[in-house]
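K.L.:
This one is structure05.csv, CSV, C-alpha atoms.
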chain,number,residue,atom,x,y,z
A,802,MET,CA,-255.2,121.5,9.3
A,803,SER,CA,-253.5,123.8,11.7
A,804,ASP,CA,-256.2,126.3,12.3
A,805,THR,CA,-258.8,124.1,13.9
A,806,LYS,CA,-257.9,124.5,17.5
A,807,GLY,CA,-258.9,127.0,20.2
A,808,GLU,CA,-262.4,127.8,18.9
A,809,ASP,CA,-264.5,125.8,21.4
A,810,ALA,CA,-265.6,128.7,23.6
A,811,ASP,CA,-269.3,128.1,22.9
A,812,GLU,CA,-269.0,124.8,24.9
A,813,VAL,CA,-268.9,126.7,28.2
A,814,PRO,CA,-272.2,126.1,30.2
A,815,ALA,CA,-273.9,129.4,30.7
A,816,SER,CA,-276.8,128.1,32.9
A,817,ASP,CA,-275.3,128.9,36.3
A,818,ALA,CA,-276.6,132.1,37.7
A,819,ALA,CA,-273.6,132.4,39.9
A,820,PRO,CA,-271.7,135.7,39.6
A,821,PRO,CA,-268.8,135.7,37.2
A,822,GLN,CA,-265.8,134.2,38.9
A,823,GLN,CA,-262.5,133.0,37.7
A,824,ALA,CA,-262.8,129.4,36.6
A,825,VAL,CA,-261.0,126.7,38.6
A,826,ASP,CA,-258.2,125.0,36.8
A,827,PRO,CA,-259.8,121.7,35.5
A,828,ARG,CA,-256.5,119.9,35.9
A,829,LEU,CA,-256.5,120.7,39.6
A,830,LEU,CA,-260.1,119.7,40.0
A,831,GLU,CA,-259.2,116.3,38.5
A,832,ILE,CA,-256.4,115.5,40.9
A,833,LEU,CA,-257.1,117.3,44.2
A,834,VAL,CA,-257.8,115.2,47.3
A,835,CYS,CA,-258.7,116.1,50.9
A,836,PRO,CA,-255.5,117.1,52.7
A,837,LEU,CA,-256.7,115.3,55.8
A,838,THR,CA,-258.2,112.1,54.5
A,839,LYS,CA,-256.5,112.0,51.1
A,840,GLN,CA,-260.0,111.0,49.7
A,841,PRO,CA,-261.4,112.4,46.5
A,842,LEU,CA,-263.4,115.6,46.5
A,843,VAL,CA,-266.7,116.6,45.0
A,844,TYR,CA,-266.9,119.9,43.2
A,845,ASP,CA,-270.0,121.9,44.2
A,846,ARG,CA,-270.4,124.2,41.3
A,847,THR,CA,-273.2,126.4,42.8
A,848,ARG,CA,-271.4,127.0,46.1
A,849,ASN,CA,-268.0,127.0,44.5
A,850,GLU,CA,-266.6,124.6,47.0
A,851,LEU,CA,-264.7,121.3,47.1
A,852,ILE,CA,-266.5,118.9,49.4
A,853,SER,CA,-264.7,116.3,51.4
A,854,ARG,CA,-267.5,114.0,52.8
A,855,ALA,CA,-265.0,111.9,54.7
A,856,ALA,CA,-263.7,114.9,56.6
A,857,GLY,CA,-267.0,116.7,56.7
A,858,LEU,CA,-265.5,119.8,55.2
A,859,ALA,CA,-266.1,122.1,52.3
A,860,TYR,CA,-263.0,123.8,51.0
A,861,PRO,CA,-263.6,127.3,49.4
A,862,ILE,CA,-262.4,128.4,46.0
A,863,ARG,CA,-261.5,132.1,46.0
A,864,GLY,CA,-260.6,133.9,42.8
A,865,GLY,CA,-260.4,130.5,41.1
A,866,ILE,CA,-257.8,129.2,43.6
A,867,PRO,CA,-258.7,126.2,45.7
A,868,ILE,CA,-258.0,127.0,49.4
A,869,MET,CA,-257.1,123.5,50.7
A,870,LEU,CA,-256.7,124.5,54.3
A,871,PRO,CA,-258.8,122.7,56.9
A,872,ASP,CA,-258.8,125.9,59.0
A,873,GLU,CA,-260.4,127.8,56.2
A,874,ALA,CA,-262.9,125.1,55.3
A,875,ARG,CA,-266.6,125.2,56.2
A,876,PRO,CA,-267.8,122.3,58.4
A,877,LEU,CA,-270.6,120.4,56.6
A,878,ASP,CA,-273.9,120.3,58.4
A,879,ALA,CA,-274.4,116.9,60.1
B,1340,MET,CA,-258.2,110.4,59.7
B,1341,SER,CA,-254.9,112.1,59.1
B,1342,ASN,CA,-252.2,109.8,57.9
B,1343,LYS,CA,-249.5,112.2,58.9
B,1344,ALA,CA,-246.5,110.2,60.0
B,1345,MET,CA,-246.0,110.1,63.7
B,1346,THR,CA,-242.5,109.9,65.1
B,1347,ASP,CA,-241.5,108.2,68.2
B,1348,GLU,CA,-239.9,111.2,69.8
B,1349,THR,CA,-242.0,113.3,72.1
B,1350,VAL,CA,-243.4,116.2,70.3
B,1351,SER,CA,-242.8,119.4,72.3
B,1352,ASP,CA,-245.6,121.9,72.5
B,1353,GLN,CA,-243.2,124.7,71.7
B,1354,THR,CA,-241.4,125.5,68.5
B,1355,ASP,CA,-239.1,128.2,67.2
B,1356,PHE,CA,-240.4,131.4,65.6
B,1357,GLY,CA,-237.1,133.0,64.9
B,1358,PHE,CA,-235.3,133.1,68.2
B,1359,ARG,CA,-238.5,133.1,70.2
B,1360,ALA,CA,-240.2,129.9,71.5
B,1361,VAL,CA,-243.9,130.0,70.7
B,1362,PRO,CA,-246.7,127.4,71.1
B,1363,ARG,CA,-246.6,125.0,68.1
B,1364,ALA,CA,-250.2,125.8,67.2
B,1365,ASP,CA,-249.3,129.5,66.8
B,1366,LYS,CA,-246.4,129.3,64.4
B,1367,LYS,CA,-248.5,128.9,61.3
B,1368,SER,CA,-250.5,132.0,61.9
B,1369,LEU,CA,-247.4,134.0,62.9
B,1370,VAL,CA,-245.6,133.0,59.7
B,1371,ARG,CA,-248.7,133.8,57.7
B,1372,GLU,CA,-248.7,137.3,59.2
B,1373,VAL,CA,-245.0,137.8,58.2
B,1374,PHE,CA,-245.6,136.8,54.6
B,1375,ALA,CA,-248.9,138.7,54.3
B,1376,SER,CA,-247.0,141.7,55.4
B,1377,VAL,CA,-244.0,141.3,53.1
B,1378,ALA,CA,-245.8,139.9,50.1
B,1379,PRO,CA,-246.1,143.1,48.0
B,1380,ARG,CA,-242.4,143.9,48.4
B,1381,TYR,CA,-241.1,140.3,48.7
B,1382,ASP,CA,-239.3,140.2,45.4
B,1383,LEU,CA,-237.7,143.6,45.9
B,1384,MET,CA,-236.6,142.7,49.4
B,1385,ASN,CA,-235.1,139.4,48.3
B,1386,ASP,CA,-233.0,141.3,45.8
B,1387,LEU,CA,-231.8,143.8,48.5
B,1388,MET,CA,-231.3,141.1,51.2
B,1389,SER,CA,-229.2,138.8,49.0
B,1390,LEU,CA,-227.7,141.5,46.7
B,1391,GLY,CA,-229.5,139.8,43.9
B,1392,ILE,CA,-227.7,136.5,44.5
B,1393,HIS,CA,-231.0,134.7,45.2
B,1394,ARG,CA,-231.6,134.9,41.4
B,1395,VAL,CA,-228.4,133.0,40.7
B,1396,TRP,CA,-229.3,130.4,43.4
B,1397,LYS,CA,-232.7,129.9,41.9
B,1398,GLN,CA,-231.3,129.5,38.4
B,1399,ILE,CA,-228.9,126.8,39.7
B,1400,PHE,CA,-231.8,125.2,41.6
B,1401,VAL,CA,-234.0,125.0,38.5
B,1402,THR,CA,-231.2,123.5,36.4
B,1403,GLN,CA,-231.0,120.8,39.1
B,1404,LEU,CA,-234.8,120.3,38.9
B,1405,ASP,CA,-234.0,119.2,35.3
B,1406,PRO,CA,-237.2,120.5,33.6
B,1407,ARG,CA,-238.6,118.1,30.9
B,1408,PRO,CA,-241.9,118.5,29.0
B,1409,ARG,CA,-243.5,115.4,30.3
B,1410,ARG,CA,-242.6,116.0,34.0
B,1411,ARG,CA,-245.1,117.4,36.4
B,1412,LEU,CA,-243.8,119.8,39.1
B,1413,LEU,CA,-245.3,120.5,42.5
B,1414,ASP,CA,-243.7,123.8,43.6
B,1415,LEU,CA,-244.2,124.0,47.4
B,1416,ALA,CA,-244.2,127.4,49.1
B,1417,GLY,CA,-243.8,128.7,45.6
B,1418,GLY,CA,-244.9,132.2,46.6
B,1419,THR,CA,-244.4,134.7,44.0
B,1420,GLY,CA,-243.6,132.1,41.3
B,1421,ASP,CA,-239.8,132.3,40.6
B,1422,ILE,CA,-239.3,128.6,40.5
B,1423,SER,CA,-242.4,127.7,38.5
B,1424,PHE,CA,-241.8,130.4,36.0
B,1425,ALA,CA,-238.2,129.3,35.4
B,1426,TRP,CA,-239.3,125.6,35.2
B,1427,LEU,CA,-241.8,126.5,32.5
B,1428,GLY,CA,-239.4,128.9,30.7
B,1429,ARG,CA,-237.0,126.0,30.4
B,1430,GLY,CA,-239.5,123.6,28.9
B,1431,GLY,CA,-240.8,121.8,32.0
B,1432,GLY,CA,-244.2,120.2,32.0
B,1433,PRO,CA,-247.3,121.2,33.9
B,1434,ALA,CA,-246.6,123.0,37.2
B,1435,ILE,CA,-248.6,123.5,40.3
B,1436,LEU,CA,-247.6,126.6,42.1
B,1437,SER,CA,-248.7,126.2,45.7
B,1438,ASP,CA,-248.3,128.3,48.8
B,1439,ILE,CA,-250.1,128.4,52.2
B,1440,ASN,CA,-250.4,132.2,51.8
B,1441,PRO,CA,-253.0,133.5,49.3
B,1442,ALA,CA,-251.4,137.0,49.4
B,1443,MET,CA,-248.1,135.6,48.1
B,1444,LEU,CA,-249.9,133.5,45.5
B,1445,GLU,CA,-251.8,136.5,44.3
B,1446,VAL,CA,-248.5,138.3,43.5
B,1447,GLY,CA,-247.4,135.2,41.7
B,1448,ARG,CA,-250.6,135.0,39.6
B,1449,ASN,CA,-250.3,138.6,38.5
B,1450,ARG,CA,-246.7,138.0,37.5
B,1451,ALA,CA,-247.7,134.8,35.6
B,1452,VAL,CA,-250.3,136.7,33.6
B,1453,GLU,CA,-247.6,139.3,32.7
B,1454,ARG,CA,-245.3,136.6,31.6
B,1455,GLY,CA,-247.8,134.6,29.7
B,1456,HIS,CA,-247.2,131.5,31.8
B,1457,VAL,CA,-250.9,130.8,32.7
B,1458,ALA,CA,-251.6,127.9,30.3
B,1459,SER,CA,-249.4,125.2,32.0
B,1460,LEU,CA,-249.6,126.6,35.5
B,1461,SER,CA,-252.1,125.9,38.3
B,1462,PHE,CA,-252.5,127.8,41.5
B,1463,LEU,CA,-253.2,126.2,44.8
B,1464,VAL,CA,-253.4,127.3,48.4
B,1465,ALA,CA,-252.1,124.3,50.4
B,1466,ASP,CA,-250.2,123.5,53.6
B,1467,ALA,CA,-247.0,121.6,52.7
B,1468,GLU,CA,-247.5,119.6,55.9
B,1469,ALA,CA,-250.8,118.2,54.6
B,1470,LEU,CA,-251.0,118.2,50.9
B,1471,PRO,CA,-254.2,117.8,48.9
B,1472,ILE,CA,-252.3,115.9,46.2
B,1473,PRO,CA,-252.7,112.1,45.5
B,1474,SER,CA,-249.8,109.8,46.3
B,1475,GLY,CA,-247.4,109.0,43.5
B,1476,SER,CA,-248.7,111.7,41.2
B,1477,MET,CA,-245.7,114.1,40.8
B,1478,ASP,CA,-242.4,113.7,39.1
B,1479,VAL,CA,-240.6,116.6,40.8
B,1480,VAL,CA,-241.4,118.4,44.1
B,1481,SER,CA,-239.5,121.6,44.8
B,1482,MET,CA,-239.4,123.9,47.8
B,1483,ALA,CA,-237.3,127.0,47.7
B,1484,PHE,CA,-237.0,129.1,50.9
B,1485,GLY,CA,-240.1,127.5,52.4
B,1486,LEU,CA,-239.1,124.6,54.7
B,1487,ARG,CA,-237.6,127.0,57.2
B,1488,ASN,CA,-241.0,128.5,57.8
B,1489,CYS,CA,-242.8,125.2,58.4
B,1490,THR,CA,-243.7,124.1,61.9
B,1491,ASP,CA,-243.4,120.3,61.3
B,1492,LYS,CA,-240.6,119.9,58.8
B,1493,ASP,CA,-240.7,116.1,59.1
B,1494,ALA,CA,-244.3,116.2,58.0
B,1495,VAL,CA,-243.4,118.3,55.0
B,1496,LEU,CA,-240.7,115.8,54.0
B,1497,THR,CA,-243.0,112.8,54.5
B,1498,GLU,CA,-245.7,114.5,52.3
B,1499,ALA,CA,-243.2,115.4,49.6
B,1500,LEU,CA,-242.1,111.7,49.5
B,1501,ARG,CA,-245.7,110.5,49.4
B,1502,VAL,CA,-246.8,112.6,46.4
B,1503,LEU,CA,-243.8,111.7,44.4
B,1504,ARG,CA,-243.9,108.7,42.0
B,1505,PRO,CA,-241.2,106.1,42.4
B,1506,GLY,CA,-238.2,107.5,40.6
B,1507,GLY,CA,-239.3,111.1,41.4
B,1508,ARG,CA,-237.1,113.6,43.1
B,1509,PHE,CA,-237.5,116.2,45.9
B,1510,LEU,CA,-235.2,119.3,45.9
B,1511,CYS,CA,-235.1,121.9,48.6
B,1512,LEU,CA,-233.3,125.3,48.3
B,1513,GLU,CA,-232.9,126.9,51.7
B,1514,PHE,CA,-230.5,129.1,53.7
B,1515,SER,CA,-228.0,127.0,55.4
B,1516,ARG,CA,-224.7,127.3,57.4
B,1517,LEU,CA,-221.9,129.5,56.1
B,1518,GLU,CA,-218.8,127.3,55.9
B,1519,ILE,CA,-216.3,130.1,55.5
B,1520,ALA,CA,-215.5,131.0,59.1
B,1521,ALA,CA,-213.8,134.3,58.2
B,1522,LEU,CA,-217.0,135.6,56.7
B,1523,ILE,CA,-219.3,134.8,59.6
B,1524,PRO,CA,-218.9,138.2,61.4
B,1525,LEU,CA,-219.8,140.1,58.2
B,1526,TYR,CA,-222.7,137.8,57.5
B,1527,GLU,CA,-224.0,138.2,61.1
B,1528,ALA,CA,-223.8,142.0,60.8
B,1529,TRP,CA,-225.6,141.9,57.5
B,1530,SER,CA,-228.4,139.7,58.8
B,1531,PHE,CA,-229.0,141.4,62.2
B,1532,GLN,CA,-228.0,145.0,61.6
B,1533,VAL,CA,-228.6,145.7,57.9
B,1534,LEU,CA,-231.5,143.4,57.0
B,1535,PRO,CA,-234.1,144.6,59.6
B,1536,ARG,CA,-233.2,148.2,58.6
B,1537,LEU,CA,-233.8,147.4,55.0
B,1538,GLY,CA,-237.1,145.9,56.0
B,1539,ARG,CA,-238.1,149.0,57.8
B,1540,VAL,CA,-237.1,151.4,55.0
B,1541,PHE,CA,-238.3,149.4,52.0
B,1542,ALA,CA,-241.2,147.4,53.4
B,1543,GLY,CA,-242.1,149.4,56.5
B,1544,ASP,CA,-241.7,146.3,58.6
B,1545,ALA,CA,-238.5,145.7,60.5
B,1546,GLU,CA,-239.9,142.9,62.6
B,1547,SER,CA,-240.7,140.6,59.8
B,1548,TYR,CA,-237.2,140.8,58.4
B,1549,GLN,CA,-235.8,140.3,61.9
B,1550,TYR,CA,-237.8,137.1,61.9
B,1551,LEU,CA,-236.4,136.1,58.6
B,1552,ALA,CA,-232.8,136.5,59.8
B,1553,GLU,CA,-233.5,134.7,63.0
B,1554,SER,CA,-235.3,131.8,61.3
B,1555,ILE,CA,-232.3,131.3,59.1
B,1556,ARG,CA,-230.1,130.7,62.2
B,1557,MET,CA,-232.6,128.3,63.7
B,1558,PHE,CA,-232.8,126.1,60.6
B,1559,PRO,CA,-231.0,122.7,60.6
B,1560,ASP,CA,-227.6,122.8,59.0
B,1561,GLN,CA,-226.6,120.9,55.9
B,1562,GLN,CA,-225.9,117.6,57.6
B,1563,ALA,CA,-228.9,117.8,59.9
B,1564,LEU,CA,-231.3,118.4,57.1
B,1565,ALA,CA,-229.8,115.6,55.0
B,1566,GLY,CA,-230.3,113.3,58.0
B,1567,MET,CA,-234.0,114.4,58.3
B,1568,MET,CA,-234.5,113.6,54.6
B,1569,ARG,CA,-233.0,110.1,55.0
B,1570,THR,CA,-235.2,109.5,58.0
B,1571,ALA,CA,-238.2,110.5,56.0
B,1572,GLY,CA,-237.3,107.9,53.5
B,1573,PHE,CA,-235.4,109.6,50.7
B,1574,SER,CA,-232.6,107.8,48.9
B,1575,ARG,CA,-229.3,109.1,47.6
B,1576,VAL,CA,-229.6,112.3,49.6
B,1577,ALA,CA,-227.1,114.9,48.3
B,1578,VAL,CA,-226.2,118.4,49.4
B,1579,ARG,CA,-224.8,121.2,47.2
B,1580,ASN,CA,-223.6,124.4,48.9
B,1581,LEU,CA,-224.2,127.7,47.3
B,1582,SER,CA,-222.1,130.8,48.0
B,1583,GLY,CA,-220.0,129.0,50.6
B,1584,GLY,CA,-223.1,127.5,52.4
B,1585,ILE,CA,-225.2,130.7,52.8
B,1586,ALA,CA,-227.7,128.6,51.0
B,1587,ALA,CA,-227.8,124.9,50.0
B,1588,ILE,CA,-229.7,122.6,47.7
B,1589,HIS,CA,-230.7,119.3,49.2
B,1590,SER,CA,-232.0,116.6,46.9
B,1591,GLY,CA,-233.3,113.1,47.4
B,1592,TRP,CA,-235.0,110.4,45.3
B,1593,LYS,CA,-238.0,108.3,46.0
B,1594,LEU,CA,-236.8,104.9,44.9
Let me see whether you can do it: turn the structure in this file into structure tokens.
P.N.:
Amino acid sequence: MSDTKGEDADEVPASDAAPPQQAVDPRLLEILVCPLTKQPLVYDRTRNELISRAAGLAYPIRGGIPIMLPDEARPLDA
Amino acid sequence: MSNKAMTDETVSDQTDFGFRAVPRADKKSLVREVFASVAPRYDLMNDLMSLGIHRVWKQIFVTQLDPRPRRRLLDLAGGTGDISFAWLGRGGGPAILSDINPAMLEVGRNRAVERGHVASLSFLVADAEALPIPSGSMDVVSMAFGLRNCTDKDAVLTEALRVLRPGGRFLCLEFSRLEIAALIPLYEAWSFQVLPRLGRVFAGDAESYQYLAESIRMFPDQQALAGMMRTAGFSRVAVRNLSGGIAAIHSGWKL
């Protein structure tokens, strides 16, 4: 009854060849919006960025922490 | 486009950085440099600067935040984590520890790991003037010793109001105006003579602490900040002085 939790580590997808990096908090990924447009973001797992199509910006994630500053974001190629 | 609230008043192209006037566009990076410089010693310096009283102020502040398990906290300018940790330690719900400065947040994360607070805590680098948080999604927004360092304080208040759900509350802990006239000379001497020296000795950085002392003097007093909160749209704005007004807690509801 009480010992069924916490053993789901084998659910983690291991397919990405990206170097090991601290995982982004899934609760944050769920709610974060673009600070400029307040529109939803798309998580680009391979580049480890949060994409705001409306603003044309990709916000980096460093050490598992989303850096939601337009100054630090990469402009998306047109 | 940005939905940052525009005010009618003409926006000057200069703002305060301590006692200096600097171009508005420069303040953010100047403040960032100050906090990147002080981050590793920030907690120690706070103890020295306030003789440990900042810990008492923060405890009072967190009590006023009224932590409850189902409440979500957005901790703005949360830096090294004092407010978020106390919130979680007192049974508060999920907290987002945010700061514009990754160096401060890194210190906070290391402390969170030591304290075992990681499970209900998220870390976020964000500018309080333009939050990456959906409207109406937070129950409590807190900002302790952060608003002073923001360039556009009205934008911060507008954003705090936006992300709160109706019935949610914003609380700000900040240095304010000492209301005991007899103590003012002592306080001035402490701030401008002792503090920068402490900064030089303990953090190797007198200038940053000079800035901190100056920025406290430039910050709106109790009534001025309360007025700004009402203008931003907060209801039932209240002020509580701490240590005779050296610091104050401002609170307001989104109704």
K.L.:
For Val1373 (chain B), please output as a list in words all residues within 9 Å (counting only C-alpha atoms; exclusion window: fewer than 2 positions along the same chain).
P.N.:
Ser1368, Leu1369, Val1370, Arg1371, Ala1375, Ser1376, Val1377, Ala1378, Glu1546, Ser1547, Tyr1548, Tyr1550 and Leu1551 of chain B
K.L.:
For chain A, which residues have at least one atom within 7 Å of chain B, if we go by only C-alpha atoms? Write them as number ranges by chain, please.
P.N.:
A: 826, 829, 832-839, 866-870
K.L.:
Calculate how many Å separate CA of Asp878 (chain A) from CA of Gly864 (chain A), rounding to one decimal.
P.N.:
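Separating CA of Asp878 (chain A) from CA of Gly864 (chain A) is a distance of 24.6 Å.
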K.L.:
Counting only C-alpha atoms, which residue out of B:Gly1357, B:Gly1455, B:Gly1543, B:Gly1506 sits closest to Val1480 (chain B)?
P.N.:
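The answer is B:Gly1506, which sits nearest to Val1480 (chain B).
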K.L.:
CA of Arg1508 (chain B) to CA of Arg1556 (chain B): how many Å, to one decimal?
P.N.:
26.6 Å
K.L.:
Ranking B:Ala1434, B:Ser1590, B:Arg1569, B:Leu1534 by minimum distance to Ser1389 (chain B) and counting all atoms listed in the file, which one comes first?
P.N.:
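So, comparing all the options, the nearest one is B:Leu1534.
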K.L.:
Do a neighbour search on Pro1379 (chain B) at 9 Å with only C-alpha atoms, toss out local chain neighbours closer than 2 positions, and write the hits as number ranges by chain.
P.N.:
B: 1375-1377, 1381-1383, 1442-1443, 1446, 1542
K.L.:
Which neighbours of region 1500-1505 of chain B fall inside 9 Å, counting only C-alpha atoms, when residues of the same chain fewer than 4 positions from it are skipped, and could you give them as an MDAnalysis selection string?
P.N.:
chainID B and resid 1413 1470 1472:1480 1495:1496 1509 1571:1573 1592:1594
K.L.:
Would you mind exporting C-alpha atoms of the selected residues as a PDB file, in the frame of the given file?
P.N.:
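Okay, again-v1.pdb is ready:
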ATOM      1  CA  LEU B1413    -245.300 120.500  42.500  1.00  0.00           C
ATOM      2  CA  LEU B1470    -251.000 118.200  50.900  1.00  0.00           C
ATOM      3  CA  ILE B1472    -252.300 115.900  46.200  1.00  0.00           C
ATOM      4  CA  PRO B1473    -252.700 112.100  45.500  1.00  0.00           C
ATOM      5  CA  SER B1474    -249.800 109.800  46.300  1.00  0.00           C
ATOM      6  CA  GLY B1475    -247.400 109.000  43.500  1.00  0.00           C
ATOM      7  CA  SER B1476    -248.700 111.700  41.200  1.00  0.00           C
ATOM      8  CA  MET B1477    -245.700 114.100  40.800  1.00  0.00           C
ATOM      9  CA  ASP B1478    -242.400 113.700  39.100  1.00  0.00           C
ATOM     10  CA  VAL B1479    -240.600 116.600  40.800  1.00  0.00           C
ATOM     11  CA  VAL B1480    -241.400 118.400  44.100  1.00  0.00           C
ATOM     12  CA  VAL B1495    -243.400 118.300  55.000  1.00  0.00           C
ATOM     13  CA  LEU B1496    -240.700 115.800  54.000  1.00  0.00           C
ATOM     14  CA  PHE B1509    -237.500 116.200  45.900  1.00  0.00           C
ATOM     15  CA  ALA B1571    -238.200 110.500  56.000  1.00  0.00           C
ATOM     16  CA  GLY B1572    -237.300 107.900  53.500  1.00  0.00           C
ATOM     17  CA  PHE B1573    -235.400 109.600  50.700  1.00  0.00           C
ATOM     18  CA  TRP B1592    -235.000 110.400  45.300  1.00  0.00           C
ATOM     19  CA  LYS B1593    -238.000 108.300  46.000  1.00  0.00           C
ATOM     20  CA  LEU B1594    -236.800 104.900  44.900  1.00  0.00           C
TER      21      LEU B1594
END
K.L.:
Could you check how far CA of Asp845 (chain A) sits from CA of Ala859 (chain A), in Å to one decimal?
P.N.:
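Separating CA of Asp845 (chain A) from CA of Ala859 (chain A) is a distance of 9.0 Å.
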K.L.:
When you count only C-alpha atoms, which of these residues is closest to Lys1366 (chain B): B:Cys1489, B:Leu1564, B:Leu1581, B:Leu1512?
P.N.:
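When distances to Lys1366 (chain B) are compared using only C-alpha atoms, the smallest one comes from B:Cys1489.
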K.L.:
Which polymer residues have any atom within 6 Å of an atom of Gly1584 (chain B), counting only C-alpha atoms, with same-chain residues fewer than 4 positions away left out, as an NGL selection string?
P.N.:
:B and (1515-1518 or 1580)
